[in-house]
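Asker: Quick one, coords04.cif (mmCIF, N, CA and C atoms):
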```cif
data_start
#
loop_
_atom_site.group_PDB
_atom_site.id
_atom_site.type_symbol
_atom_site.label_atom_id
_atom_site.label_comp_id
_atom_site.auth_asym_id
_atom_site.auth_seq_id
_atom_site.Cartn_x
_atom_site.Cartn_y
_atom_site.Cartn_z
ATOM 1 N N ASP A 20 -54.749 19.905 97.048
ATOM 2 C CA ASP A 20 -54.213 20.059 98.387
ATOM 3 C C ASP A 20 -52.734 19.696 98.442
ATOM 4 N N ILE A 21 -52.357 18.667 97.692
ATOM 5 C CA ILE A 21 -50.943 18.269 97.644
ATOM 6 C C ILE A 21 -50.118 19.378 97.010
ATOM 7 N N PHE A 22 -50.632 19.986 95.928
ATOM 8 C CA PHE A 22 -49.934 21.098 95.280
ATOM 9 C C PHE A 22 -49.726 22.243 96.272
ATOM 10 N N PHE A 23 -50.788 22.601 96.978
ATOM 11 C CA PHE A 23 -50.693 23.693 97.942
ATOM 12 C C PHE A 23 -49.657 23.378 99.020
ATOM 13 N N GLU A 24 -49.684 22.158 99.489
ATOM 14 C CA GLU A 24 -48.758 21.738 100.538
ATOM 15 C C GLU A 24 -47.310 21.750 100.047
ATOM 16 N N ASN A 25 -47.082 21.186 98.858
ATOM 17 C CA ASN A 25 -45.721 21.108 98.311
ATOM 18 C C ASN A 25 -45.151 22.463 97.922
ATOM 19 N N ASN A 26 -46.011 23.433 97.699
ATOM 20 C CA ASN A 26 -45.554 24.755 97.285
ATOM 21 C C ASN A 26 -45.754 25.813 98.367
ATOM 22 N N ASN A 27 -45.989 25.355 99.575
ATOM 23 C CA ASN A 27 -46.137 26.250 100.736
ATOM 24 C C ASN A 27 -47.158 27.366 100.513
ATOM 25 N N ILE A 28 -48.278 26.998 99.901
ATOM 26 C CA ILE A 28 -49.346 27.977 99.678
ATOM 27 C C ILE A 28 -50.327 27.847 100.834
ATOM 28 N N GLU A 29 -50.357 28.869 101.656
ATOM 29 C CA GLU A 29 -51.192 28.828 102.855
ATOM 30 C C GLU A 29 -52.354 29.806 102.797
ATOM 31 N N SER A 30 -52.235 30.821 101.983
ATOM 32 C CA SER A 30 -53.278 31.841 101.893
ATOM 33 C C SER A 30 -54.568 31.242 101.320
ATOM 34 N N ASN A 31 -55.666 31.431 102.049
ATOM 35 C CA ASN A 31 -56.952 30.936 101.561
ATOM 36 C C ASN A 31 -57.387 31.664 100.297
ATOM 37 N N GLU A 32 -57.024 32.944 100.177
ATOM 38 C CA GLU A 32 -57.352 33.709 98.965
ATOM 39 C C GLU A 32 -56.645 33.125 97.745
ATOM 40 N N THR A 33 -55.378 32.793 97.905
ATOM 41 C CA THR A 33 -54.600 32.213 96.807
ATOM 42 C C THR A 33 -55.164 30.848 96.427
ATOM 43 N N LYS A 34 -55.462 30.033 97.416
ATOM 44 C CA LYS A 34 -56.042 28.707 97.160
ATOM 45 C C LYS A 34 -57.368 28.836 96.425
ATOM 46 N N LYS A 35 -58.195 29.767 96.883
ATOM 47 C CA LYS A 35 -59.503 29.988 96.255
ATOM 48 C C LYS A 35 -59.340 30.421 94.797
ATOM 49 N N TYR A 36 -58.401 31.316 94.549
ATOM 50 C CA TYR A 36 -58.172 31.808 93.189
ATOM 51 C C TYR A 36 -57.702 30.681 92.264
ATOM 52 N N ILE A 37 -56.753 29.885 92.736
ATOM 53 C CA ILE A 37 -56.228 28.781 91.928
ATOM 54 C C ILE A 37 -57.331 27.772 91.631
ATOM 55 N N LYS A 38 -58.109 27.414 92.636
ATOM 56 C CA LYS A 38 -59.204 26.466 92.426
ATOM 57 C C LYS A 38 -60.236 27.018 91.446
ATOM 58 N N ASP A 39 -60.534 28.304 91.557
ATOM 59 C CA ASP A 39 -61.490 28.931 90.643
ATOM 60 C C ASP A 39 -60.993 28.882 89.205
ATOM 61 N N ILE A 40 -59.723 29.172 89.011
ATOM 62 C CA ILE A 40 -59.152 29.145 87.659
ATOM 63 C C ILE A 40 -59.234 27.729 87.077
ATOM 64 N N ILE A 41 -58.862 26.749 87.871
ATOM 65 C CA ILE A 41 -58.891 25.360 87.398
ATOM 66 C C ILE A 41 -60.316 24.936 87.070
ATOM 67 N N GLU A 42 -61.229 25.126 88.004
ATOM 68 C CA GLU A 42 -62.615 24.711 87.798
ATOM 69 C C GLU A 42 -63.272 25.489 86.664
ATOM 70 N N GLY A 43 -63.022 26.781 86.590
ATOM 71 C CA GLY A 43 -63.613 27.597 85.534
ATOM 72 C C GLY A 43 -63.090 27.246 84.155
ATOM 73 N N THR A 44 -61.805 26.987 84.067
ATOM 74 C CA THR A 44 -61.219 26.607 82.780
ATOM 75 C C THR A 44 -61.769 25.266 82.321
ATOM 76 N N ILE A 45 -61.906 24.339 83.251
ATOM 77 C CA ILE A 45 -62.440 23.014 82.903
ATOM 78 C C ILE A 45 -63.902 23.113 82.499
ATOM 79 N N SER A 46 -64.698 23.824 83.271
ATOM 80 C CA SER A 46 -66.131 23.890 82.964
ATOM 81 C C SER A 46 -66.427 24.674 81.686
ATOM 82 N N ASN A 47 -65.527 25.527 81.266
ATOM 83 C CA ASN A 47 -65.713 26.295 80.026
ATOM 84 C C ASN A 47 -64.757 25.843 78.925
ATOM 85 N N SER A 48 -64.206 24.660 79.085
ATOM 86 C CA SER A 48 -63.164 24.165 78.189
ATOM 87 C C SER A 48 -63.574 24.152 76.720
ATOM 88 N N GLU A 49 -64.786 23.711 76.450
ATOM 89 C CA GLU A 49 -65.228 23.608 75.063
ATOM 90 C C GLU A 49 -65.276 24.971 74.381
ATOM 91 N N SER A 50 -65.877 25.956 75.024
ATOM 92 C CA SER A 50 -65.969 27.281 74.403
ATOM 93 C C SER A 50 -64.605 27.965 74.339
ATOM 94 N N ILE A 51 -63.754 27.729 75.334
ATOM 95 C CA ILE A 51 -62.405 28.301 75.309
ATOM 96 C C ILE A 51 -61.599 27.687 74.173
ATOM 97 N N THR A 52 -61.710 26.373 73.989
ATOM 98 C CA THR A 52 -61.004 25.688 72.900
ATOM 99 C C THR A 52 -61.486 26.197 71.547
ATOM 100 N N GLN A 53 -62.780 26.419 71.407
ATOM 101 C CA GLN A 53 -63.321 26.969 70.158
ATOM 102 C C GLN A 53 -62.775 28.373 69.905
ATOM 103 N N GLU A 54 -62.663 29.142 70.964
ATOM 104 C CA GLU A 54 -62.122 30.506 70.859
ATOM 105 C C GLU A 54 -60.684 30.468 70.354
ATOM 106 N N ILE A 55 -59.903 29.538 70.867
ATOM 107 C CA ILE A 55 -58.514 29.391 70.418
ATOM 108 C C ILE A 55 -58.493 28.982 68.956
ATOM 109 N N SER A 56 -59.274 27.965 68.614
ATOM 110 C CA SER A 56 -59.287 27.442 67.246
ATOM 111 C C SER A 56 -59.637 28.505 66.218
ATOM 112 N N LYS A 57 -60.642 29.309 66.508
ATOM 113 C CA LYS A 57 -61.067 30.299 65.509
ATOM 114 C C LYS A 57 -60.103 31.485 65.409
ATOM 115 N N ASN A 58 -59.174 31.596 66.342
ATOM 116 C CA ASN A 58 -58.204 32.687 66.288
ATOM 117 C C ASN A 58 -56.809 32.233 65.885
ATOM 118 N N LEU A 59 -56.697 31.012 65.385
ATOM 119 C CA LEU A 59 -55.431 30.530 64.847
ATOM 120 C C LEU A 59 -55.347 30.883 63.371
ATOM 121 N N LYS A 60 -54.140 30.954 62.856
ATOM 122 C CA LYS A 60 -53.979 31.164 61.425
ATOM 123 C C LYS A 60 -54.547 29.958 60.695
ATOM 124 N N GLU A 61 -54.901 30.160 59.434
ATOM 125 C CA GLU A 61 -55.575 29.116 58.654
ATOM 126 C C GLU A 61 -54.828 27.791 58.617
ATOM 127 N N ASP A 62 -53.518 27.821 58.547
ATOM 128 C CA ASP A 62 -52.758 26.587 58.412
ATOM 129 C C ASP A 62 -52.445 25.925 59.752
ATOM 130 N N TRP A 63 -52.967 26.474 60.844
ATOM 131 C CA TRP A 63 -52.723 25.914 62.172
ATOM 132 C C TRP A 63 -53.939 25.150 62.672
ATOM 133 N N LYS A 64 -53.666 24.058 63.364
ATOM 134 C CA LYS A 64 -54.718 23.301 64.028
ATOM 135 C C LYS A 64 -54.360 23.243 65.507
ATOM 136 N N ILE A 65 -55.367 23.149 66.336
ATOM 137 C CA ILE A 65 -55.145 23.184 67.784
ATOM 138 C C ILE A 65 -54.238 22.038 68.246
ATOM 139 N N GLU A 66 -54.249 20.937 67.515
ATOM 140 C CA GLU A 66 -53.412 19.784 67.869
ATOM 141 C C GLU A 66 -51.918 20.099 67.763
ATOM 142 N N ARG A 67 -51.560 21.112 67.016
ATOM 143 C CA ARG A 67 -50.149 21.491 66.845
ATOM 144 C C ARG A 67 -49.607 22.303 68.015
ATOM 145 N N ILE A 68 -50.491 22.817 68.838
ATOM 146 C CA ILE A 68 -50.071 23.689 69.932
ATOM 147 C C ILE A 68 -49.525 22.831 71.074
ATOM 148 N N SER A 69 -48.378 23.224 71.600
ATOM 149 C CA SER A 69 -47.795 22.482 72.720
ATOM 150 C C SER A 69 -48.726 22.555 73.931
ATOM 151 N N LYS A 70 -48.607 21.598 74.814
ATOM 152 C CA LYS A 70 -49.468 21.543 76.008
ATOM 153 C C LYS A 70 -49.285 22.782 76.885
ATOM 154 N N ILE A 71 -48.064 23.252 77.004
ATOM 155 C CA ILE A 71 -47.809 24.457 77.807
ATOM 156 C C ILE A 71 -48.509 25.663 77.188
ATOM 157 N N ASN A 72 -48.321 25.854 75.888
ATOM 158 C CA ASN A 72 -48.950 26.991 75.212
ATOM 159 C C ASN A 72 -50.468 26.913 75.287
ATOM 160 N N LEU A 73 -50.998 25.714 75.110
ATOM 161 C CA LEU A 73 -52.443 25.538 75.173
ATOM 162 C C LEU A 73 -52.966 25.868 76.572
ATOM 163 N N ALA A 74 -52.278 25.406 77.591
ATOM 164 C CA ALA A 74 -52.688 25.701 78.969
ATOM 165 C C ALA A 74 -52.646 27.205 79.237
ATOM 166 N N LEU A 75 -51.611 27.866 78.766
ATOM 167 C CA LEU A 75 -51.496 29.312 78.965
ATOM 168 C C LEU A 75 -52.592 30.075 78.219
ATOM 169 N N LEU A 76 -52.890 29.639 76.998
ATOM 170 C CA LEU A 76 -53.967 30.276 76.245
ATOM 171 C C LEU A 76 -55.311 30.096 76.943
ATOM 172 N N LYS A 77 -55.562 28.885 77.421
ATOM 173 C CA LYS A 77 -56.827 28.626 78.120
ATOM 174 C C LYS A 77 -56.931 29.472 79.385
ATOM 175 N N LEU A 78 -55.862 29.545 80.126
ATOM 176 C CA LEU A 78 -55.830 30.362 81.338
ATOM 177 C C LEU A 78 -56.144 31.818 81.008
ATOM 178 N N ALA A 79 -55.473 32.347 80.017
ATOM 179 C CA ALA A 79 -55.655 33.759 79.655
ATOM 180 C C ALA A 79 -57.066 34.029 79.158
ATOM 181 N N ILE A 80 -57.576 33.175 78.308
ATOM 182 C CA ILE A 80 -58.924 33.398 77.769
ATOM 183 C C ILE A 80 -59.960 33.307 78.876
ATOM 184 N N TYR A 81 -59.781 32.371 79.791
ATOM 185 C CA TYR A 81 -60.708 32.284 80.923
ATOM 186 C C TYR A 81 -60.678 33.578 81.744
ATOM 187 N N GLU A 82 -59.488 34.058 82.037
ATOM 188 C CA GLU A 82 -59.381 35.278 82.845
ATOM 189 C C GLU A 82 -59.955 36.501 82.136
ATOM 190 N N ILE A 83 -59.761 36.575 80.824
ATOM 191 C CA ILE A 83 -60.255 37.724 80.062
ATOM 192 C C ILE A 83 -61.773 37.649 79.871
ATOM 193 N N LYS A 84 -62.254 36.510 79.399
ATOM 194 C CA LYS A 84 -63.666 36.386 79.027
ATOM 195 C C LYS A 84 -64.597 36.130 80.208
ATOM 196 N N TYR A 85 -64.154 35.349 81.163
ATOM 197 C CA TYR A 85 -65.052 34.942 82.240
ATOM 198 C C TYR A 85 -64.801 35.667 83.562
ATOM 199 N N LYS A 86 -63.568 35.988 83.854
ATOM 200 C CA LYS A 86 -63.254 36.715 85.084
ATOM 201 C C LYS A 86 -63.262 38.224 84.848
ATOM 202 N N LYS A 87 -63.298 38.618 83.577
ATOM 203 C CA LYS A 87 -63.343 40.032 83.188
ATOM 204 C C LYS A 87 -62.149 40.832 83.726
ATOM 205 N N LEU A 88 -60.993 40.183 83.762
ATOM 206 C CA LEU A 88 -59.778 40.877 84.174
ATOM 207 C C LEU A 88 -59.261 41.721 83.017
ATOM 208 N N PRO A 89 -58.547 42.794 83.278
ATOM 209 C CA PRO A 89 -58.031 43.648 82.198
ATOM 210 C C PRO A 89 -57.122 42.846 81.255
ATOM 211 N N PHE A 90 -57.458 42.872 79.976
ATOM 212 C CA PHE A 90 -56.739 42.035 79.028
ATOM 213 C C PHE A 90 -55.254 42.362 78.932
ATOM 214 N N LYS A 91 -54.894 43.628 79.114
ATOM 215 C CA LYS A 91 -53.471 43.988 79.040
ATOM 216 C C LYS A 91 -52.674 43.314 80.154
ATOM 217 N N VAL A 92 -53.250 43.268 81.337
ATOM 218 C CA VAL A 92 -52.581 42.633 82.477
ATOM 219 C C VAL A 92 -52.470 41.128 82.241
ATOM 220 N N VAL A 93 -53.570 40.515 81.823
ATOM 221 C CA VAL A 93 -53.588 39.066 81.585
ATOM 222 C C VAL A 93 -52.572 38.687 80.505
ATOM 223 N N ILE A 94 -52.586 39.390 79.397
ATOM 224 C CA ILE A 94 -51.664 39.072 78.300
ATOM 225 C C ILE A 94 -50.224 39.240 78.753
ATOM 226 N N ASN A 95 -49.928 40.317 79.454
ATOM 227 C CA ASN A 95 -48.569 40.540 79.934
ATOM 228 C C ASN A 95 -48.102 39.387 80.828
ATOM 229 N N GLU A 96 -48.942 38.972 81.764
ATOM 230 C CA GLU A 96 -48.575 37.889 82.684
ATOM 231 C C GLU A 96 -48.394 36.560 81.954
ATOM 232 N N VAL A 97 -49.287 36.262 81.034
ATOM 233 C CA VAL A 97 -49.199 34.988 80.310
ATOM 234 C C VAL A 97 -47.988 34.980 79.377
ATOM 235 N N VAL A 98 -47.691 36.096 78.766
ATOM 236 C CA VAL A 98 -46.501 36.184 77.910
ATOM 237 C C VAL A 98 -45.240 35.952 78.753
ATOM 238 N N GLU A 99 -45.197 36.499 79.942
ATOM 239 C CA GLU A 99 -44.046 36.266 80.827
ATOM 240 C C GLU A 99 -43.940 34.791 81.220
ATOM 241 N N LEU A 100 -45.073 34.154 81.490
ATOM 242 C CA LEU A 100 -45.054 32.714 81.790
ATOM 243 C C LEU A 100 -44.572 31.915 80.588
ATOM 244 N N ALA A 101 -44.987 32.323 79.395
ATOM 245 C CA ALA A 101 -44.557 31.638 78.176
ATOM 246 C C ALA A 101 -43.051 31.769 77.973
ATOM 247 N N LYS A 102 -42.505 32.929 78.277
ATOM 248 C CA LYS A 102 -41.055 33.116 78.169
ATOM 249 C C LYS A 102 -40.315 32.193 79.125
ATOM 250 N N LYS A 103 -40.900 31.983 80.298
ATOM 251 C CA LYS A 103 -40.250 31.173 81.321
ATOM 252 C C LYS A 103 -40.420 29.678 81.068
ATOM 253 N N TYR A 104 -41.619 29.252 80.683
ATOM 254 C CA TYR A 104 -41.922 27.825 80.594
ATOM 255 C C TYR A 104 -42.094 27.279 79.182
ATOM 256 N N GLY A 105 -42.283 28.171 78.223
ATOM 257 C CA GLY A 105 -42.540 27.722 76.863
ATOM 258 C C GLY A 105 -41.277 27.600 76.029
ATOM 259 N N GLU A 106 -41.493 27.423 74.746
ATOM 260 C CA GLU A 106 -40.395 27.351 73.790
ATOM 261 C C GLU A 106 -39.939 28.777 73.468
ATOM 262 N N ASP A 107 -38.896 28.873 72.665
ATOM 263 C CA ASP A 107 -38.325 30.197 72.361
ATOM 264 C C ASP A 107 -39.334 31.177 71.768
ATOM 265 N N SER A 108 -40.223 30.685 70.922
ATOM 266 C CA SER A 108 -41.167 31.590 70.254
ATOM 267 C C SER A 108 -42.574 31.540 70.857
ATOM 268 N N SER A 109 -42.735 30.850 71.965
ATOM 269 C CA SER A 109 -44.066 30.710 72.583
ATOM 270 C C SER A 109 -44.707 32.055 72.899
ATOM 271 N N HIS A 110 -43.916 32.957 73.451
ATOM 272 C CA HIS A 110 -44.491 34.245 73.850
ATOM 273 C C HIS A 110 -45.033 35.031 72.653
ATOM 274 N N ILE A 111 -44.382 34.908 71.521
ATOM 275 C CA ILE A 111 -44.846 35.603 70.310
ATOM 276 C C ILE A 111 -46.148 34.985 69.812
ATOM 277 N N PHE A 112 -46.181 33.651 69.779
ATOM 278 C CA PHE A 112 -47.367 32.919 69.341
ATOM 279 C C PHE A 112 -48.562 33.249 70.244
ATOM 280 N N ILE A 113 -48.361 33.150 71.543
ATOM 281 C CA ILE A 113 -49.450 33.398 72.496
ATOM 282 C C ILE A 113 -49.921 34.843 72.416
ATOM 283 N N ASN A 114 -49.016 35.783 72.310
ATOM 284 C CA ASN A 114 -49.386 37.183 72.177
ATOM 285 C C ASN A 114 -50.243 37.401 70.931
ATOM 286 N N GLY A 115 -49.877 36.760 69.839
ATOM 287 C CA GLY A 115 -50.627 36.900 68.592
ATOM 288 C C GLY A 115 -52.039 36.346 68.690
ATOM 289 N N VAL A 116 -52.172 35.165 69.262
ATOM 290 C CA VAL A 116 -53.488 34.551 69.394
ATOM 291 C C VAL A 116 -54.362 35.395 70.330
ATOM 292 N N LEU A 117 -53.805 35.808 71.449
ATOM 293 C CA LEU A 117 -54.599 36.593 72.414
ATOM 294 C C LEU A 117 -54.960 37.971 71.846
ATOM 295 N N ALA A 118 -54.080 38.563 71.057
ATOM 296 C CA ALA A 118 -54.412 39.842 70.413
ATOM 297 C C ALA A 118 -55.608 39.680 69.490
ATOM 298 N N SER A 119 -55.650 38.565 68.789
ATOM 299 C CA SER A 119 -56.777 38.279 67.910
ATOM 300 C C SER A 119 -58.065 38.059 68.707
ATOM 301 N N VAL A 120 -57.967 37.380 69.826
ATOM 302 C CA VAL A 120 -59.134 37.145 70.688
ATOM 303 C C VAL A 120 -59.671 38.480 71.210
ATOM 304 N N VAL A 121 -58.784 39.336 71.643
ATOM 305 C CA VAL A 121 -59.200 40.622 72.224
ATOM 306 C C VAL A 121 -59.846 41.528 71.169
ATOM 307 N N LYS A 122 -59.366 41.463 69.926
ATOM 308 C CA LYS A 122 -59.923 42.312 68.866
ATOM 309 C C LYS A 122 -61.390 42.015 68.598
ATOM 310 N N GLU A 123 -61.800 40.780 68.893
ATOM 311 C CA GLU A 123 -63.219 40.436 68.689
ATOM 312 C C GLU A 123 -64.062 41.237 69.632
#
```
Can I see the file as C-alpha cells?
Answerer:
Amino acid sequence: DIFFENNNIESNETKKYIKDIIEGTISNSESITQEISKNLKEDWKIERISKINLALLKLAIYEIKYKKLPFKVVINEVVELAKKYGEDSSHIFINGVLASVVKE
C-alpha cells in the first residue's frame, strides 16, 4: 500500500496485477529458482547473479510459465528493464537465460 501511495498508483487493475506478480513469484519461488539454475551455463551458480537480474528473471519466468503471457513480449519488457536498472551486460545475460527457458 505504501508503494502504491508513493508512486501514485490508483488503478485497481494495476494494483491487482502487481500483487499477483509478487504473490505468484513468491509462492512459486522454489520451482522458478530451479528453472533459472538449470538454464545457466555450467560454470555459473545462481549465487553469482545480481539481485536485480535475479528479480527480473523470476518475474519473467513467472509471467511466461504461470501467467502464460507471450514469451516474446515478456522477454522484450524484461530486457528493457535490465537495460535501465541492471549492469551493462545484464540485458544480454537475461536474454540468454530466458531464451534457454523458452526452448524447453
Asker: Give the alpha helix (DSSP H) residues of chain A, as DSSP finds them on the backbone, and put them as a PyMOL selection string.
Answerer: chain A and resi 21-25+31-46+48-57+70-80+90-104+109-122
Asker: Padding of 3 Å on every side, edges along x, y and z, all listed atoms of region 67-83 of chain A included: what centre and edge lengths in Å, to one decimal, does that box have, as JSON?
Answerer:
```
{"center_x": -54.8, "center_y": 29.4, "center_z": 74.8, "size_x": 20.0, "size_y": 22.6, "size_z": 22.0}
```
Asker: Give me, please, the distance in Å between CA of Ala118 (chain A) and CA of Lys34 (chain A), quoted to one decimal.
Answerer: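 Going from CA of Ala118 (chain A) over to CA of Lys34 (chain A), I get 29.0 Å.
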Asker: Please, what distance in Å, to one decimal, runs between CA of Lys57 (chain A) and CA of Tyr36 (chain A)?
Answerer: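 Going from CA of Lys57 (chain A) over to CA of Tyr36 (chain A), I get 27.9 Å.
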Asker: Hey, could you make a per-residue contact list for region 66-85 of chain A against region 106-113 of chain A with 8 Å as the cut-off, showing the nearest pair of atoms and its distance in Å to one decimal, counting all atoms listed in the file, sorted by chain and number, as a tab-separated table?
Answerer:
```
residue	atom	partner	partner_atom	distance
A:Ile71	CA	A:Glu106	N	7.6
A:Asn72	CA	A:Ser109	CA	6.7
A:Leu75	C	A:Ile113	CA	7.3
A:Leu76	CA	A:Ile113	CA	6.6
```
Asker: My list of candidates is A:Leu117, A:Lys103, A:Trp63, A:Ile45. Which is closest to Lys91 (chain A) when distances are computed with only C-alpha atoms?
Answerer: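 Closest candidate: A:Leu117.
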